[in-house]
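Report on the structure given below.
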Amino acid sequence: MVNIVTKDINIKNEIFTLTNQRAVFWKSEEALILSDLHIGKTAHFRKNGIALSHKIMERDLDRLSALIDHFHPEKMIVVGDLLHAGNNSDVEKFCNWRSHYPKLELYLIEGNHDRISTSLEKKLCLNNKTNQLNLHDFIFTHDFDNTQSHFQITGHIHPGVILNSTVSNIRMPCFVLTSNQLLLPAFSEFTGLDTKNTPKSGKFFMFTHSEIYEIG
């Protein structure tokens, strides 16, 4: 069973709900927002001789289904890297999962891994594919754009924090909120964490199975 814990934050007078399942819900837009699913990553590794379980991606999709059932969004905004390595067997499974939500609009802001042909775009049932998406006073872009003055919602970095203890240092995924950016964690649990290139100032929201903690 997927346990969903939430925490509301206010950005430019809009309520965004952070979750411990690596996604955000924007109530006024009825939008579920996430980044870096990397669909097809496990199949890519298997193709190259590294045995990885199919269940890795299935767990990610189970979490995504739980979020959809919880929030009932009208649209899902993926802030880059929906895919990992083009078309492969895992993409077939994602498309089958996608078919269970025909009314859910799927918006993709293209990331560096999203090599999507016209035929693959149709197969994925994308409602919108773009480099940047502007909604109200917010810009959705995969990586932070220094030329923009509007508030940006981004992914790409797979942000993490390090918790120091007397026994060991633990790396945990997080959201990062600054005055002009909300940086999302990678949705897929099969990703590394970057603890060095996250914004240097702002609030960090670390999460576990049962809690969301604000740091800084």
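By order of appearance in the structure tokens: chains A, B, ..., then residues from 1 within every chain, and ligands from 1 in the order shown.
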
Do a neighbour search on Thr191 of chain A at 9 Å with only C-alpha atoms, toss out local chain neighbours closer than 2 positions, and write the hits as an MDAnalysis selection string.
chainID A and resid 36 38 158 186:189 193

Selection from above, all heavy atoms, as a PDB file, in the first residue's frame, can you write it?
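After the write, out-v7.pdb holds the following:
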```pdb
ATOM      1  N   ASP A  36      11.362  13.584 -14.039  1.00  0.00           N
ATOM      2  CA  ASP A  36      12.369  12.518 -14.081  1.00  0.00           C
ATOM      3  C   ASP A  36      11.817  11.139 -13.723  1.00  0.00           C
ATOM      4  O   ASP A  36      12.262  10.505 -12.761  1.00  0.00           O
ATOM      5  CB  ASP A  36      13.541  12.884 -13.166  1.00  0.00           C
ATOM      6  CG  ASP A  36      14.280  14.137 -13.632  1.00  0.00           C
ATOM      7  OD1 ASP A  36      15.165  14.007 -14.491  1.00  0.00           O
ATOM      8  OD2 ASP A  36      13.924  15.233 -13.159  1.00  0.00           O
ATOM      9  N   HIS A  38      12.067   8.683 -15.987  1.00  0.00           N
ATOM     10  CA  HIS A  38      13.070   7.818 -16.612  1.00  0.00           C
ATOM     11  C   HIS A  38      12.482   6.448 -16.964  1.00  0.00           C
ATOM     12  O   HIS A  38      13.095   5.398 -16.691  1.00  0.00           O
ATOM     13  CB  HIS A  38      14.301   7.683 -15.724  1.00  0.00           C
ATOM     14  CG  HIS A  38      15.135   8.933 -15.666  1.00  0.00           C
ATOM     15  ND1 HIS A  38      16.052   9.253 -16.638  1.00  0.00           N
ATOM     16  CD2 HIS A  38      15.150   9.960 -14.770  1.00  0.00           C
ATOM     17  CE1 HIS A  38      16.614  10.413 -16.339  1.00  0.00           C
ATOM     18  NE2 HIS A  38      16.083  10.871 -15.214  1.00  0.00           N
ATOM     19  N   HIS A 158      17.874  15.948  -9.692  1.00  0.00           N
ATOM     20  CA  HIS A 158      17.664  14.866  -8.714  1.00  0.00           C
ATOM     21  C   HIS A 158      18.198  15.291  -7.343  1.00  0.00           C
ATOM     22  O   HIS A 158      19.108  14.672  -6.795  1.00  0.00           O
ATOM     23  CB  HIS A 158      18.357  13.565  -9.133  1.00  0.00           C
ATOM     24  CG  HIS A 158      18.032  13.072 -10.502  1.00  0.00           C
ATOM     25  ND1 HIS A 158      18.593  11.924 -11.021  1.00  0.00           N
ATOM     26  CD2 HIS A 158      17.218  13.548 -11.472  1.00  0.00           C
ATOM     27  CE1 HIS A 158      18.152  11.718 -12.247  1.00  0.00           C
ATOM     28  NE2 HIS A 158      17.305  12.705 -12.544  1.00  0.00           N
ATOM     29  N   ALA A 186      13.633  13.634  -8.314  1.00  0.00           N
ATOM     30  CA  ALA A 186      13.323  12.652  -9.352  1.00  0.00           C
ATOM     31  C   ALA A 186      12.186  11.761  -8.872  1.00  0.00           C
ATOM     32  O   ALA A 186      12.234  11.252  -7.750  1.00  0.00           O
ATOM     33  CB  ALA A 186      14.563  11.813  -9.674  1.00  0.00           C
ATOM     34  N   PHE A 187      11.174  11.580  -9.723  1.00  0.00           N
ATOM     35  CA  PHE A 187      10.054  10.728  -9.310  1.00  0.00           C
ATOM     36  C   PHE A 187      10.484   9.275  -9.201  1.00  0.00           C
ATOM     37  O   PHE A 187      10.101   8.570  -8.266  1.00  0.00           O
ATOM     38  CB  PHE A 187       8.886  10.857 -10.288  1.00  0.00           C
ATOM     39  CG  PHE A 187       7.671  10.090  -9.835  1.00  0.00           C
ATOM     40  CD1 PHE A 187       6.802  10.636  -8.906  1.00  0.00           C
ATOM     41  CD2 PHE A 187       7.415   8.804 -10.306  1.00  0.00           C
ATOM     42  CE1 PHE A 187       5.696   9.922  -8.452  1.00  0.00           C
ATOM     43  CE2 PHE A 187       6.312   8.084  -9.859  1.00  0.00           C
ATOM     44  CZ  PHE A 187       5.448   8.649  -8.933  1.00  0.00           C
ATOM     45  N   SER A 188      11.267   8.804 -10.151  1.00  0.00           N
ATOM     46  CA  SER A 188      11.712   7.415 -10.103  1.00  0.00           C
ATOM     47  C   SER A 188      12.666   7.206  -8.938  1.00  0.00           C
ATOM     48  O   SER A 188      13.582   7.999  -8.708  1.00  0.00           O
ATOM     49  CB  SER A 188      12.406   7.028 -11.412  1.00  0.00           C
ATOM     50  OG  SER A 188      12.926   5.715 -11.313  1.00  0.00           O
ATOM     51  N   GLU A 189      12.452   6.128  -8.209  1.00  0.00           N
ATOM     52  CA  GLU A 189      13.344   5.804  -7.102  1.00  0.00           C
ATOM     53  C   GLU A 189      14.671   5.219  -7.596  1.00  0.00           C
ATOM     54  O   GLU A 189      15.629   5.148  -6.835  1.00  0.00           O
ATOM     55  CB  GLU A 189      12.651   4.838  -6.145  1.00  0.00           C
ATOM     56  CG  GLU A 189      11.441   5.454  -5.445  1.00  0.00           C
ATOM     57  CD  GLU A 189      10.786   4.515  -4.446  1.00  0.00           C
ATOM     58  OE1 GLU A 189      11.151   3.325  -4.436  1.00  0.00           O
ATOM     59  OE2 GLU A 189       9.917   4.981  -3.686  1.00  0.00           O
ATOM     60  N   LEU A 193      21.309  10.726  -6.513  1.00  0.00           N
ATOM     61  CA  LEU A 193      20.985  11.988  -5.848  1.00  0.00           C
ATOM     62  C   LEU A 193      22.160  12.949  -5.986  1.00  0.00           C
ATOM     63  O   LEU A 193      23.318  12.548  -5.836  1.00  0.00           O
ATOM     64  CB  LEU A 193      20.686  11.759  -4.362  1.00  0.00           C
ATOM     65  CG  LEU A 193      19.440  10.944  -4.016  1.00  0.00           C
ATOM     66  CD1 LEU A 193      19.343  10.752  -2.506  1.00  0.00           C
ATOM     67  CD2 LEU A 193      18.184  11.616  -4.541  1.00  0.00           C
TER      68      LEU A 193
END
```

Name the residues of segment 6-131 of chain A that come out as helix (DSSP H, G or I) in a backbone DSSP run; write them as a ChimeraX atom specification.
/A:27-29,41-47,55-71,89-98,118-123

Selection near Gly216 of chain A, 12 Å with only C-alpha atoms, sequence-local residues under 5 positions removed, as an NGL selection string:
:A and (161 or 175-178 or 200-206)

Counting only C-alpha atoms, which residues in segment 50-128 of chain A sit no more than 8 Å from segment 3-26 of chain A? For each one, give the nearest pair of atoms and the distance in Å, sorted by chain then residue number, as CSV.
```
residue,atom,partner,partner_atom,distance
A:Arg63,CA,A:Gln21,CA,6.9
A:Leu67,CA,A:Ile4,CA,7.6
A:Phe71,CA,A:Phe25,CA,7.4
```

Interatomic distance (Å, one decimal) between atom CA of Met57 of chain A and atom CA of Glu92 of chain A:
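Distance between the two atoms: 11.8 Å.
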
Contact residues around Ile153 of chain A with only C-alpha atoms at 6 Å, ignoring same-chain residues under 4 positions, as a list in words
Phe140, Gln181 and Leu182 of chain A

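For the atom pair formed by atom CA of Leu120 of chain A and atom CA of Val91 of chain A, the distance is 9.4 Å, given to one decimal.
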